[in-house]
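Next comes start.cif, a file with mmCIF, C-alpha atoms.
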data_work
loop_
_atom_site.label_atom_id
_atom_site.label_comp_id
_atom_site.auth_asym_id
_atom_site.auth_seq_id
_atom_site.Cartn_x
_atom_site.Cartn_y
_atom_site.Cartn_z
CA MET X 1 0.00 0.00 0.00
CA ARG X 2 1.36 3.42 -1.02
CA ILE X 3 1.22 6.33 1.41
CA SER X 4 0.26 9.60 -0.16
CA LYS X 5 2.59 12.59 -0.10
CA SER X 6 0.10 14.57 1.99
CA ILE X 7 0.16 12.00 4.78
CA VAL X 8 3.97 11.90 4.74
CA LEU X 9 4.12 15.70 4.94
CA PHE X 10 1.53 15.65 7.74
CA PHE X 11 3.67 13.37 9.91
CA LEU X 12 6.85 15.27 9.01
CA PHE X 13 5.22 18.56 10.02
CA PHE X 14 4.20 17.31 13.46
CA THR X 15 7.57 15.61 13.97
CA ILE X 16 9.26 18.99 13.46
CA LEU X 17 6.77 20.68 15.81
CA ALA X 18 7.40 18.08 18.49
CA ALA X 19 11.17 18.48 18.13
CA LYS X 20 10.93 22.24 18.44
CA ALA X 21 8.71 21.91 21.49
CA GLN X 22 11.46 19.88 23.12
CA GLU X 23 14.22 22.41 22.40
CA LYS X 24 15.81 23.64 25.57
CA LYS X 25 16.67 27.26 26.24
CA PHE X 26 19.60 28.31 28.39
CA ALA X 27 20.80 31.45 30.08
CA VAL X 28 24.50 31.98 29.34
CA HIS X 29 27.12 33.94 31.27
CA THR X 30 30.76 34.36 30.31
CA VAL X 31 33.35 34.28 33.10
CA ALA X 32 36.79 35.57 32.11
CA PHE X 33 40.28 36.18 33.43
CA TYR X 34 42.80 38.59 31.94
CA ASN X 35 46.26 39.68 33.03
CA PHE X 36 46.13 43.39 32.14
CA GLU X 37 49.94 43.60 32.17
CA ASN X 38 51.09 46.72 33.98
CA LEU X 39 47.84 48.67 34.16
CA PHE X 40 49.39 51.74 35.80
CA ASP X 41 48.17 55.33 35.80
CA THR X 42 50.52 58.30 35.38
CA ILE X 43 50.31 59.48 39.01
CA ASN X 44 53.21 58.94 41.40
CA ASN X 45 51.65 56.80 44.13
CA PRO X 46 53.32 55.40 47.26
CA ASN X 47 54.30 52.16 45.54
CA ASN X 48 56.98 51.06 43.10
CA ASP X 49 55.44 52.81 40.10
CA GLU X 50 58.39 55.05 39.13
CA GLU X 51 58.94 53.12 35.90
CA TRP X 52 55.36 53.90 34.83
CA LEU X 53 55.46 57.68 35.09
CA PRO X 54 55.88 60.30 32.33
CA ASP X 55 59.54 60.71 33.28
CA GLY X 56 60.06 57.00 34.02
CA ALA X 57 61.73 54.28 32.00
CA GLN X 58 58.52 53.55 30.09
CA ASN X 59 57.80 57.22 29.36
CA TRP X 60 54.24 56.41 30.42
CA THR X 61 52.23 59.45 29.31
CA SER X 62 48.52 60.20 29.67
CA LYS X 63 48.10 59.50 25.97
CA LYS X 64 49.64 56.04 26.32
CA TYR X 65 47.58 55.32 29.43
CA LYS X 66 44.37 56.26 27.61
CA GLN X 67 45.32 54.01 24.68
CA LYS X 68 45.99 51.14 27.07
CA LEU X 69 42.50 51.54 28.56
CA GLN X 70 40.93 51.59 25.11
CA ASN X 71 42.84 48.47 24.10
CA LEU X 72 41.81 46.55 27.20
CA ALA X 73 38.19 47.66 26.82
CA GLN X 74 38.20 46.42 23.22
CA VAL X 75 39.28 42.97 24.36
CA LEU X 76 37.05 42.77 27.43
CA SER X 77 33.95 43.77 25.48
CA GLN X 78 34.47 40.86 23.07
CA ILE X 79 35.68 37.93 25.18
CA GLY X 80 33.48 34.91 24.59
CA SER X 81 31.47 36.63 21.87
CA THR X 82 31.55 33.50 19.71
CA ASP X 83 28.77 31.90 21.77
CA ASN X 84 27.59 34.83 23.90
CA PRO X 85 27.22 38.25 22.28
CA THR X 86 27.37 40.16 25.56
CA SER X 87 30.57 41.02 27.45
CA PRO X 88 31.61 38.78 30.37
CA THR X 89 29.50 38.92 33.51
CA LEU X 90 32.53 38.26 35.72
CA ILE X 91 36.09 39.35 34.89
CA GLY X 92 39.06 38.53 37.08
CA GLY X 93 42.03 40.80 36.49
CA ALA X 94 45.70 40.94 37.47
CA GLU X 95 48.59 43.43 37.34
CA ILE X 96 46.36 46.31 38.46
CA GLU X 97 47.94 49.29 40.21
CA ASN X 98 44.90 50.50 42.17
CA ARG X 99 41.14 50.91 42.16
CA GLY X 100 41.44 54.15 40.23
CA VAL X 101 42.67 52.47 37.04
CA LEU X 102 39.71 50.07 37.19
CA GLU X 103 37.30 52.97 37.59
CA ASP X 104 38.87 54.54 34.49
CA LEU X 105 38.62 51.23 32.64
CA ILE X 106 34.92 50.58 33.25
CA LYS X 107 34.13 54.13 32.10
CA GLU X 108 35.50 53.37 28.64
CA PRO X 109 32.72 53.66 26.01
CA LEU X 110 32.94 49.98 25.06
CA LEU X 111 32.33 48.92 28.68
CA GLN X 112 30.22 51.71 30.14
CA SER X 113 26.85 50.21 29.19
CA SER X 114 27.78 46.95 30.95
CA ASP X 115 27.64 48.79 34.30
CA TYR X 116 30.47 46.91 36.00
CA GLY X 117 31.07 46.94 39.72
CA ILE X 118 34.53 46.51 41.27
CA VAL X 119 35.92 44.37 44.07
CA HIS X 120 39.52 45.33 44.77
CA PHE X 121 41.96 45.38 47.68
CA GLU X 122 45.47 46.75 47.89
CA SER X 123 47.98 43.94 48.31
CA PRO X 124 51.52 44.00 49.74
CA ASP X 125 53.10 43.02 46.41
CA LYS X 126 56.51 44.62 46.02
CA ARG X 127 55.65 45.78 42.48
CA GLY X 128 52.51 47.48 43.71
CA ILE X 129 50.12 45.35 41.63
CA ASP X 130 46.90 43.67 42.70
CA VAL X 131 44.09 41.38 41.56
CA ALA X 132 40.44 42.38 41.27
CA LEU X 133 37.02 41.24 40.13
CA LEU X 134 34.74 43.20 37.80
CA TYR X 135 31.09 42.14 37.79
CA LYS X 136 27.92 43.17 36.00
CA LYS X 137 25.67 44.67 38.64
CA GLN X 138 22.58 43.55 36.77
CA HIS X 139 23.44 39.87 37.15
CA PHE X 140 25.86 39.44 40.06
CA LYS X 141 25.25 40.61 43.62
CA PRO X 142 28.28 40.27 45.95
CA ILE X 143 27.41 39.34 49.51
CA SER X 144 30.94 38.99 50.90
CA PHE X 145 34.48 39.62 49.75
CA LYS X 146 37.90 39.55 51.36
CA ASN X 147 41.58 39.42 50.49
CA ILE X 148 43.44 36.45 51.90
CA PRO X 149 47.20 36.95 52.39
CA LEU X 150 49.52 34.41 50.83
CA LEU X 151 52.15 34.01 53.53
CA ILE X 152 55.30 32.64 51.94
CA TYR X 153 58.92 33.01 53.01
CA ALA X 154 62.25 32.92 51.27
CA LYS X 155 64.50 29.93 51.72
CA LYS X 156 66.77 30.40 54.68
CA ALA X 157 70.44 30.20 53.77
CA LYS X 158 72.18 27.28 55.44
CA THR X 159 75.77 28.03 56.37
CA ASP X 160 78.50 26.55 58.49
CA ASP X 161 79.03 28.70 61.57
CA LYS X 162 82.82 28.26 61.36
CA ASP X 163 83.73 28.99 57.77
CA ASN X 164 80.40 30.24 56.32
CA LYS X 165 80.40 27.45 53.72
CA GLU X 166 77.56 25.09 52.84
CA SER X 167 77.95 21.76 54.64
CA GLU X 168 77.94 18.42 52.81
CA GLU X 169 74.68 17.54 54.57
CA ASP X 170 73.09 20.75 53.33
CA LYS X 171 74.28 20.12 49.78
CA ALA X 172 72.56 16.74 49.81
CA ASP X 173 69.44 18.32 51.32
CA LYS X 174 69.25 21.48 49.19
CA ASP X 175 65.88 20.63 47.65
CA LYS X 176 64.21 20.69 51.05
CA ILE X 177 62.80 24.07 51.95
CA ASP X 178 63.52 25.75 55.26
CA TYR X 179 61.59 28.94 55.90
CA ASP X 180 62.85 32.01 57.67
CA SER X 181 59.90 33.87 59.20
CA THR X 182 61.81 37.14 58.95
CA SER X 183 62.10 37.01 55.14
CA ARG X 184 58.54 37.06 53.84
CA VAL X 185 58.08 37.20 50.07
CA PHE X 186 55.49 39.90 49.51
CA THR X 187 53.16 38.94 46.69
CA ARG X 188 49.55 39.29 45.65
CA ASP X 189 46.76 38.36 48.04
CA ILE X 190 44.08 35.87 46.96
CA LEU X 191 40.72 37.54 46.40
CA LEU X 192 37.61 35.64 47.49
CA VAL X 193 34.22 36.95 46.39
CA THR X 194 30.89 35.27 47.16
CA GLY X 195 27.70 36.45 45.49
CA TYR X 196 24.53 35.56 43.66
CA LEU X 197 24.65 35.06 39.91
CA ASP X 198 21.04 35.50 38.83
CA GLY X 199 20.02 33.86 42.10
CA ASP X 200 22.67 31.11 42.25
CA GLU X 201 25.35 31.43 44.93
CA VAL X 202 28.83 31.39 43.38
CA ASN X 203 32.26 31.69 45.01
CA VAL X 204 35.10 33.18 42.98
CA LEU X 205 38.82 33.04 43.81
CA VAL X 206 41.08 35.41 41.85
CA ASN X 207 44.81 34.66 41.89
CA HIS X 208 48.11 35.99 40.63
CA TRP X 209 50.63 33.51 41.96
CA PRO X 210 54.32 34.32 42.59
CA SER X 211 56.45 34.69 39.47
CA ARG X 212 59.28 32.47 38.30
CA SER X 213 61.84 35.10 39.20
CA GLY X 214 65.06 33.36 40.22
CA GLY X 215 64.18 30.28 38.20
CA GLU X 216 61.25 27.88 37.96
CA LYS X 217 62.68 25.32 40.38
CA LYS X 218 63.73 27.81 43.02
CA SER X 219 60.40 29.65 42.96
CA SER X 220 58.17 26.57 42.60
CA PRO X 221 57.60 26.13 46.38
CA PHE X 222 55.96 29.56 46.47
CA ARG X 223 53.39 28.58 43.85
CA GLU X 224 52.90 25.19 45.47
CA ALA X 225 52.06 27.05 48.68
CA ALA X 226 49.58 29.18 46.70
CA GLY X 227 47.92 26.05 45.32
CA ARG X 228 47.57 24.61 48.81
CA MET X 229 46.10 27.89 50.03
CA ASP X 230 43.48 27.85 47.28
CA ARG X 231 42.62 24.29 48.22
CA LYS X 232 42.34 25.29 51.88
CA ILE X 233 39.97 28.12 50.97
CA MET X 234 37.84 25.76 48.90
CA ASP X 235 37.66 23.23 51.71
CA SER X 236 36.57 25.93 54.15
CA ILE X 237 33.77 26.88 51.76
CA TYR X 238 32.69 23.25 51.47
CA LYS X 239 32.45 22.94 55.25
CA ILE X 240 29.80 25.65 55.19
CA ASN X 241 28.07 24.44 52.02
CA PRO X 242 28.94 20.96 50.66
CA ASN X 243 27.21 21.87 47.38
CA ALA X 244 29.05 25.17 46.90
CA LYS X 245 29.82 26.35 43.38
CA ILE X 246 33.45 27.49 43.22
CA ILE X 247 35.43 29.10 40.40
CA CYS X 248 39.20 29.39 40.83
CA MET X 249 40.91 31.62 38.27
CA GLY X 250 44.13 33.48 37.75
CA ASP X 251 47.57 33.88 36.28
CA LEU X 252 49.25 31.01 38.10
CA ASN X 253 52.73 31.38 36.60
CA ASP X 254 52.59 27.60 36.34
CA GLY X 255 51.19 25.27 33.74
CA THR X 256 48.19 23.00 34.11
CA TYR X 257 50.55 20.06 34.66
CA ASN X 258 52.65 21.58 37.48
CA LYS X 259 52.61 20.29 41.04
CA SER X 260 51.01 23.51 42.33
CA VAL X 261 47.90 22.82 40.22
CA LYS X 262 47.81 19.02 40.10
CA GLU X 263 48.63 18.37 43.76
CA GLY X 264 48.13 21.70 45.51
CA ILE X 265 44.63 22.29 44.16
CA GLY X 266 44.08 18.71 43.03
CA ALA X 267 42.78 19.70 39.60
CA LYS X 268 41.83 16.97 37.13
CA ARG X 269 42.16 16.89 33.36
CA LYS X 270 38.95 14.96 32.67
CA LYS X 271 35.50 15.40 34.14
CA GLU X 272 35.14 11.71 34.89
CA GLU X 273 38.20 11.88 37.15
CA VAL X 274 36.66 14.52 39.40
CA LYS X 275 35.35 13.19 42.70
CA GLU X 276 33.12 14.90 45.28
CA PHE X 277 34.63 18.26 46.34
CA GLY X 278 37.10 17.89 43.47
CA VAL X 279 38.18 20.39 40.82
CA TYR X 280 38.03 20.24 37.03
CA ASN X 281 40.56 22.13 34.91
CA PRO X 282 39.42 22.37 31.26
CA PHE X 283 42.63 24.14 30.29
CA GLU X 284 44.78 21.06 30.88
CA GLU X 285 43.25 19.27 27.91
CA MET X 286 43.54 22.48 25.88
CA PHE X 287 47.26 22.67 26.65
CA TYR X 288 47.88 19.13 25.43
CA LYS X 289 46.06 20.05 22.22
CA GLY X 290 48.63 22.78 21.59
CA ASN X 291 46.84 25.89 22.87
CA ALA X 292 48.61 28.69 24.75
CA SER X 293 47.71 31.82 26.70
CA LEU X 294 51.29 33.10 26.67
CA PHE X 295 54.80 32.24 25.54
CA TYR X 296 57.48 31.58 28.12
CA ARG X 297 61.07 31.11 26.96
CA ASP X 298 59.88 30.65 23.37
CA ALA X 299 57.43 27.89 24.27
CA GLY X 300 53.66 28.23 24.46
CA ASP X 301 51.96 27.45 27.76
CA ILE X 302 48.74 28.12 29.64
CA PHE X 303 49.50 29.96 32.87
CA ASP X 304 46.05 31.63 32.80
CA GLN X 305 43.47 29.14 33.98
CA ILE X 306 39.89 28.91 35.20
CA MET X 307 38.98 25.82 37.22
CA VAL X 308 35.56 24.80 38.51
CA SER X 309 34.32 22.72 41.38
CA GLU X 310 32.68 19.32 40.95
CA SER X 311 29.31 20.91 41.68
CA LEU X 312 29.60 22.93 38.45
CA ILE X 313 30.06 19.94 36.14
CA LYS X 314 26.97 18.00 37.16
CA LYS X 315 24.45 17.30 34.40
CA ASP X 316 21.48 18.91 36.12
CA TYR X 317 21.08 22.31 34.46
CA SER X 318 18.38 23.61 36.80
CA SER X 319 21.14 25.84 38.20
CA PHE X 320 24.30 27.19 36.60
CA ARG X 321 26.80 24.63 35.30
CA TYR X 322 30.06 24.77 33.39
CA TRP X 323 29.60 24.47 29.61
CA LYS X 324 32.94 24.99 27.85
CA ALA X 325 36.15 27.04 27.90
CA GLY X 326 38.29 29.04 25.52
CA ILE X 327 41.29 31.32 25.00
CA TYR X 328 40.51 34.66 23.36
CA ASN X 329 43.29 35.38 20.86
CA LYS X 330 41.91 37.34 17.93
CA PRO X 331 44.31 38.56 15.19
CA PHE X 332 44.33 42.18 16.39
CA MET X 333 45.85 41.00 19.70
CA ILE X 334 48.74 39.12 18.09
CA GLN X 335 52.21 40.25 17.06
CA THR X 336 52.45 39.84 13.28
CA ILE X 337 56.12 40.53 12.52
CA GLY X 338 59.59 40.15 13.98
CA GLN X 339 61.10 37.80 16.50
CA TYR X 340 57.89 37.53 18.51
CA LYS X 341 55.52 36.89 15.64
CA GLY X 342 52.52 34.94 16.95
CA TYR X 343 53.00 36.15 20.54
CA PRO X 344 50.47 38.35 22.34
CA LEU X 345 50.87 41.98 21.23
CA ARG X 346 52.22 43.70 24.34
CA HIS X 347 53.49 47.19 25.15
CA GLN X 348 56.57 48.25 23.22
CA THR X 349 58.57 51.47 23.01
CA ASN X 350 56.64 52.80 20.03
CA GLU X 351 53.35 50.95 20.45
CA VAL X 352 50.87 50.55 23.27
CA GLY X 353 49.79 46.93 23.05
CA PHE X 354 47.30 44.83 24.94
CA SER X 355 49.03 42.32 27.23
CA ASP X 356 51.67 39.62 27.18
CA HIS X 357 48.85 37.17 27.98
CA PHE X 358 45.71 36.17 26.13
CA PRO X 359 42.55 36.17 28.26
CA VAL X 360 40.80 32.92 29.09
CA TYR X 361 37.13 32.29 29.69
CA ILE X 362 34.42 29.77 30.46
CA TYR X 363 30.68 29.74 29.93
CA LEU X 364 28.15 29.00 32.65
CA ILE X 365 24.69 27.94 31.50
CA LYS X 366 21.34 27.30 33.14
CA GLN X 367 18.14 25.93 31.61
CA VAL X 368 15.38 28.54 31.64
CA ASN X 369 12.40 26.69 30.10
#
What does this structure look like when you write it as structure tokens?
Amino acid sequence: MRISKSIVLFFLFFTILAAKAQEKKFAVHTVAFYNFENLFDTINNPNNDEEWLPDGAQNWTSKKYKQKLQNLAQVLSQIGSTDNPTSPTLIGGAEIENRGVLEDLIKEPLLQSSDYGIVHFESPDKRGIDVALLYKKQHFKPISFKNIPLLIYAKKAKTDDKDNKESEEDKADKDKIDYDSTSRVFTRDILLVTGYLDGDEVNVLVNHWPSRSGGEKKSSPFREAAGRMDRKIMDSIYKINPNAKIICMGDLNDGTYNKSVKEGIGAKRKKEEVKEFGVYNPFEEMFYKGNASLFYRDAGDIFDQIMVSESLIKKDYSSFRYWKAGIYNKPFMIQTIGQYKGYPLRHQTNEVGFSDHFPVYIYLIKQVN
């Protein structure tokens, strides 16, 4: 028996209607992190900003400062625009001189309509730079925020009392770290912000871990201590709320594979490896696929990372969950000629660039129908 075309079209029509009725709609928010690289104003403040003054080594004029703000605003307004046309709801930032430069930044025409709020604290960093969180007031309501000091100390020199030479025992034990409480390494505090993202409670940690100054191996214990501190903060949040949603972001000055991230925080490369109270790091897989957020000693790496708690990778989308991650590296942000072709386009003598890092981002989604 032959079925008429009209009957076939009838069933096809209602099949399409049924499929459309089952389509799910989601609210989407972009969460980003960007190292602003030396976002200094031109005012001589009581910190180590002499290099970034009109008569300083960088010849940092008002014109250059204004261009820097415009460049950063251009990037921030577009991060994540591939899948979300609006600018990020939450933006963690690093290498920020003070609150004033952030107030100037959010007044830029490309950002002004987003109506960003600011959470910022001065940190004891010897360079005078801090971390901060920008948030869209329409969607995120902070309920608490604090800066948590990262207390780390330089390695105490071990010497022989008689001839001031390193003993044989010390030479064999040189990889063990002894701390001298009188020689604190002053670095950036960790910023913890808790608030409601369209009604969902979210905890955000913003980091800028100690640099590799003095060498990766020598400075590694400082970043390992930072990783353990982040983990301690997360655990304290879980004690209050076992189902807490936590986002840990920052310029870690370490790769996704380093001990500070893998053991200190306990981050996992794959979702299926994440246990209760665990942490998922989507940027580890991205690194092994050849992606980079910066170049360090002529090799690409991902020091800029956003990690999420196990509660954010569950498959129930009745509240916000992690969707996917990315690195924002559009052509206008990339050096096109010379020795550093392909690198992030940063500040140079005759050109005000963007940053020596590319920003990273994730999407959070929630079903709304």
* Using all atoms listed in the file, what residues lie at most 7 Å away from (46.6, 44.3, 21.9) (file coordinates), given as an MDAnalysis selection string? -> chainID X and resid 71 332:334 345:346 353:355
Write a file of the just-selected residues containing C-alpha atoms, as an mmCIF file, in the coordinates of the input.
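Result file follows (again-v1.cif):
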data_model
loop_
_atom_site.group_PDB
_atom_site.id
_atom_site.type_symbol
_atom_site.label_atom_id
_atom_site.label_comp_id
_atom_site.auth_asym_id
_atom_site.auth_seq_id
_atom_site.Cartn_x
_atom_site.Cartn_y
_atom_site.Cartn_z
ATOM 1 C CA ASN X 71 42.840 48.470 24.100
ATOM 2 C CA PHE X 332 44.330 42.180 16.390
ATOM 3 C CA MET X 333 45.850 41.000 19.700
ATOM 4 C CA ILE X 334 48.740 39.120 18.090
ATOM 5 C CA LEU X 345 50.870 41.980 21.230
ATOM 6 C CA ARG X 346 52.220 43.700 24.340
ATOM 7 C CA GLY X 353 49.790 46.930 23.050
ATOM 8 C CA PHE X 354 47.300 44.830 24.940
ATOM 9 C CA SER X 355 49.030 42.320 27.230
#
* Separation of atom CA of Val206 of chain X and atom CA of Pro124 of chain X, in Å? ->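 Calculated distance between atom CA of Val206 of chain X and atom CA of Pro124 of chain X is 15.7 Å.
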* **Which residue of X:Ile327, X:Val279, X:Leu191, X:Leu69 approaches Tyr34 of chain X most closely, using only C-alpha atoms** =>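 Closest to Tyr34 of chain X of all the choices is X:Ile327.
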Translate the PyMOL selection byres ((chain X and resi 249) around 7), as applied to the file shown, into an explicit residue set as a compact mmCIF listing (two decimals) with C-alpha atoms, keeping the file's coordinate frame.
# COMPACT_ATOMS: atom_id res chain seq x y z
CA PHE X 33 40.28 36.18 33.43
CA LEU X 205 38.82 33.04 43.81
CA VAL X 206 41.08 35.41 41.85
CA ASN X 207 44.81 34.66 41.89
CA ILE X 247 35.43 29.10 40.40
CA CYS X 248 39.20 29.39 40.83
CA GLY X 250 44.13 33.48 37.75
CA GLN X 305 43.47 29.14 33.98
CA ILE X 306 39.89 28.91 35.20
CA MET X 307 38.98 25.82 37.22
* To do: Determine, counting only C-alpha atoms, which protein, DNA and RNA residues have an atom within 7 Å of an atom of Ile362 of chain X; residues of the same chain fewer than 4 positions away are not included. Present the result as a list in words.
  => Thr30, Val31, Ala32, Lys324, Ala325 and Gly326 of chain X
Could the residues in this selection be saved with C-alpha atoms as an mmCIF file, in the coordinates of the input?
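That gives us out05.cif:
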data_model
loop_
_atom_site.group_PDB
_atom_site.id
_atom_site.type_symbol
_atom_site.label_atom_id
_atom_site.label_comp_id
_atom_site.auth_asym_id
_atom_site.auth_seq_id
_atom_site.Cartn_x
_atom_site.Cartn_y
_atom_site.Cartn_z
ATOM 1 C CA THR X 30 30.760 34.360 30.310
ATOM 2 C CA VAL X 31 33.350 34.280 33.100
ATOM 3 C CA ALA X 32 36.790 35.570 32.110
ATOM 4 C CA LYS X 324 32.940 24.990 27.850
ATOM 5 C CA ALA X 325 36.150 27.040 27.900
ATOM 6 C CA GLY X 326 38.290 29.040 25.520
#
* Structure fact -> re atom CA of Val119 of chain X and atom CA of Arg212 of chain X: distance 26.8 Å
* To do: I would like the residues chosen by the PyMOL selection byres ((chain X and resi 253-264) around 10) on the shown file; could you give them as a ChimeraX atom specification?
  => /X:208-212,216,220-232,250-252,265-269,279,281-288,292,296,301-305,307
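Going from atom CA of Ser293 of chain X to atom CA of Pro142 of chain X covers 28.6 Å.
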* Exercise: residues within 10 Å of coordinate (38.4, 50.6, 30.9), counting all atoms listed in the file, as a ChimeraX atom specification -> /X:66-74,76-77,101-112
Which residues, named as in the file, does the PyMOL selection byres ((chain X and resi 369) around 10) pick out? Answer as an mmCIF file with C-alpha atoms, in the coordinates of the input.
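To be explicit, this is the file written out as out15.cif:
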data_model
loop_
_atom_site.group_PDB
_atom_site.id
_atom_site.type_symbol
_atom_site.label_atom_id
_atom_site.label_comp_id
_atom_site.auth_asym_id
_atom_site.auth_seq_id
_atom_site.Cartn_x
_atom_site.Cartn_y
_atom_site.Cartn_z
ATOM 1 C CA GLN X 22 11.460 19.880 23.120
ATOM 2 C CA GLU X 23 14.220 22.410 22.400
ATOM 3 C CA LYS X 24 15.810 23.640 25.570
ATOM 4 C CA LYS X 25 16.670 27.260 26.240
ATOM 5 C CA PHE X 26 19.600 28.310 28.390
ATOM 6 C CA ALA X 27 20.800 31.450 30.080
ATOM 7 C CA SER X 318 18.380 23.610 36.800
ATOM 8 C CA LYS X 366 21.340 27.300 33.140
ATOM 9 C CA GLN X 367 18.140 25.930 31.610
ATOM 10 C CA VAL X 368 15.380 28.540 31.640
#
* Nearest to Ile237 of chain X among X:Asn291, X:Thr194, X:Asn38, X:Gln138, with distances taken over only C-alpha atoms: which residue is it? ->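 Checking each candidate against Ile237 of chain X, we get X:Thr194 as the closest.
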* What lies within 8 Å of segment 125-132 of chain X using only C-alpha atoms, ignoring chain neighbours under 3 positions off, as a ChimeraX atom specification? -> /X:38,47-49,92-98,118-122,186-191,206-208
Would you mind exporting C-alpha atoms of the selected residues as a PDB file, in the frame of the given file?
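Final output, saved to selection.pdb:
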ATOM      1  CA  ASN X  38      51.090  46.720  33.980  1.00  0.00           C
ATOM      2  CA  ASN X  47      54.300  52.160  45.540  1.00  0.00           C
ATOM      3  CA  ASN X  48      56.980  51.060  43.100  1.00  0.00           C
ATOM      4  CA  ASP X  49      55.440  52.810  40.100  1.00  0.00           C
ATOM      5  CA  GLY X  92      39.060  38.530  37.080  1.00  0.00           C
ATOM      6  CA  GLY X  93      42.030  40.800  36.490  1.00  0.00           C
ATOM      7  CA  ALA X  94      45.700  40.940  37.470  1.00  0.00           C
ATOM      8  CA  GLU X  95      48.590  43.430  37.340  1.00  0.00           C
ATOM      9  CA  ILE X  96      46.360  46.310  38.460  1.00  0.00           C
ATOM     10  CA  GLU X  97      47.940  49.290  40.210  1.00  0.00           C
ATOM     11  CA  ASN X  98      44.900  50.500  42.170  1.00  0.00           C
ATOM     12  CA  ILE X 118      34.530  46.510  41.270  1.00  0.00           C
ATOM     13  CA  VAL X 119      35.920  44.370  44.070  1.00  0.00           C
ATOM     14  CA  HIS X 120      39.520  45.330  44.770  1.00  0.00           C
ATOM     15  CA  PHE X 121      41.960  45.380  47.680  1.00  0.00           C
ATOM     16  CA  GLU X 122      45.470  46.750  47.890  1.00  0.00           C
ATOM     17  CA  PHE X 186      55.490  39.900  49.510  1.00  0.00           C
ATOM     18  CA  THR X 187      53.160  38.940  46.690  1.00  0.00           C
ATOM     19  CA  ARG X 188      49.550  39.290  45.650  1.00  0.00           C
ATOM     20  CA  ASP X 189      46.760  38.360  48.040  1.00  0.00           C
ATOM     21  CA  ILE X 190      44.080  35.870  46.960  1.00  0.00           C
ATOM     22  CA  LEU X 191      40.720  37.540  46.400  1.00  0.00           C
ATOM     23  CA  VAL X 206      41.080  35.410  41.850  1.00  0.00           C
ATOM     24  CA  ASN X 207      44.810  34.660  41.890  1.00  0.00           C
ATOM     25  CA  HIS X 208      48.110  35.990  40.630  1.00  0.00           C
TER      26      HIS X 208
END
* **Residue among X:His357, X:Ala154, X:Gly199, X:Ser236 lying closest to Ser183 of chain X, counting all atoms listed in the file** => X:Ala154
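Distance check against Lys63 of chain X using only C-alpha atoms: of X:Val352, X:Val308, X:Ile143, X:Ile313, the minimum falls on X:Val352.
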* Would you mind telling me which residue in X:Gly100, X:Tyr238, X:Glu310, X:Ile79 lies nearest to Asn45 of chain X when using all atoms listed in the file? => X:Gly100
* From the set X:Val274, X:Leu133, X:Ile337, X:Ile365, which residue has the shortest atom-to-atom contact distance to Asp316 of chain X, counting only C-alpha atoms? ->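 That would be X:Ile365, the residue with the smallest distance to Asp316 of chain X.
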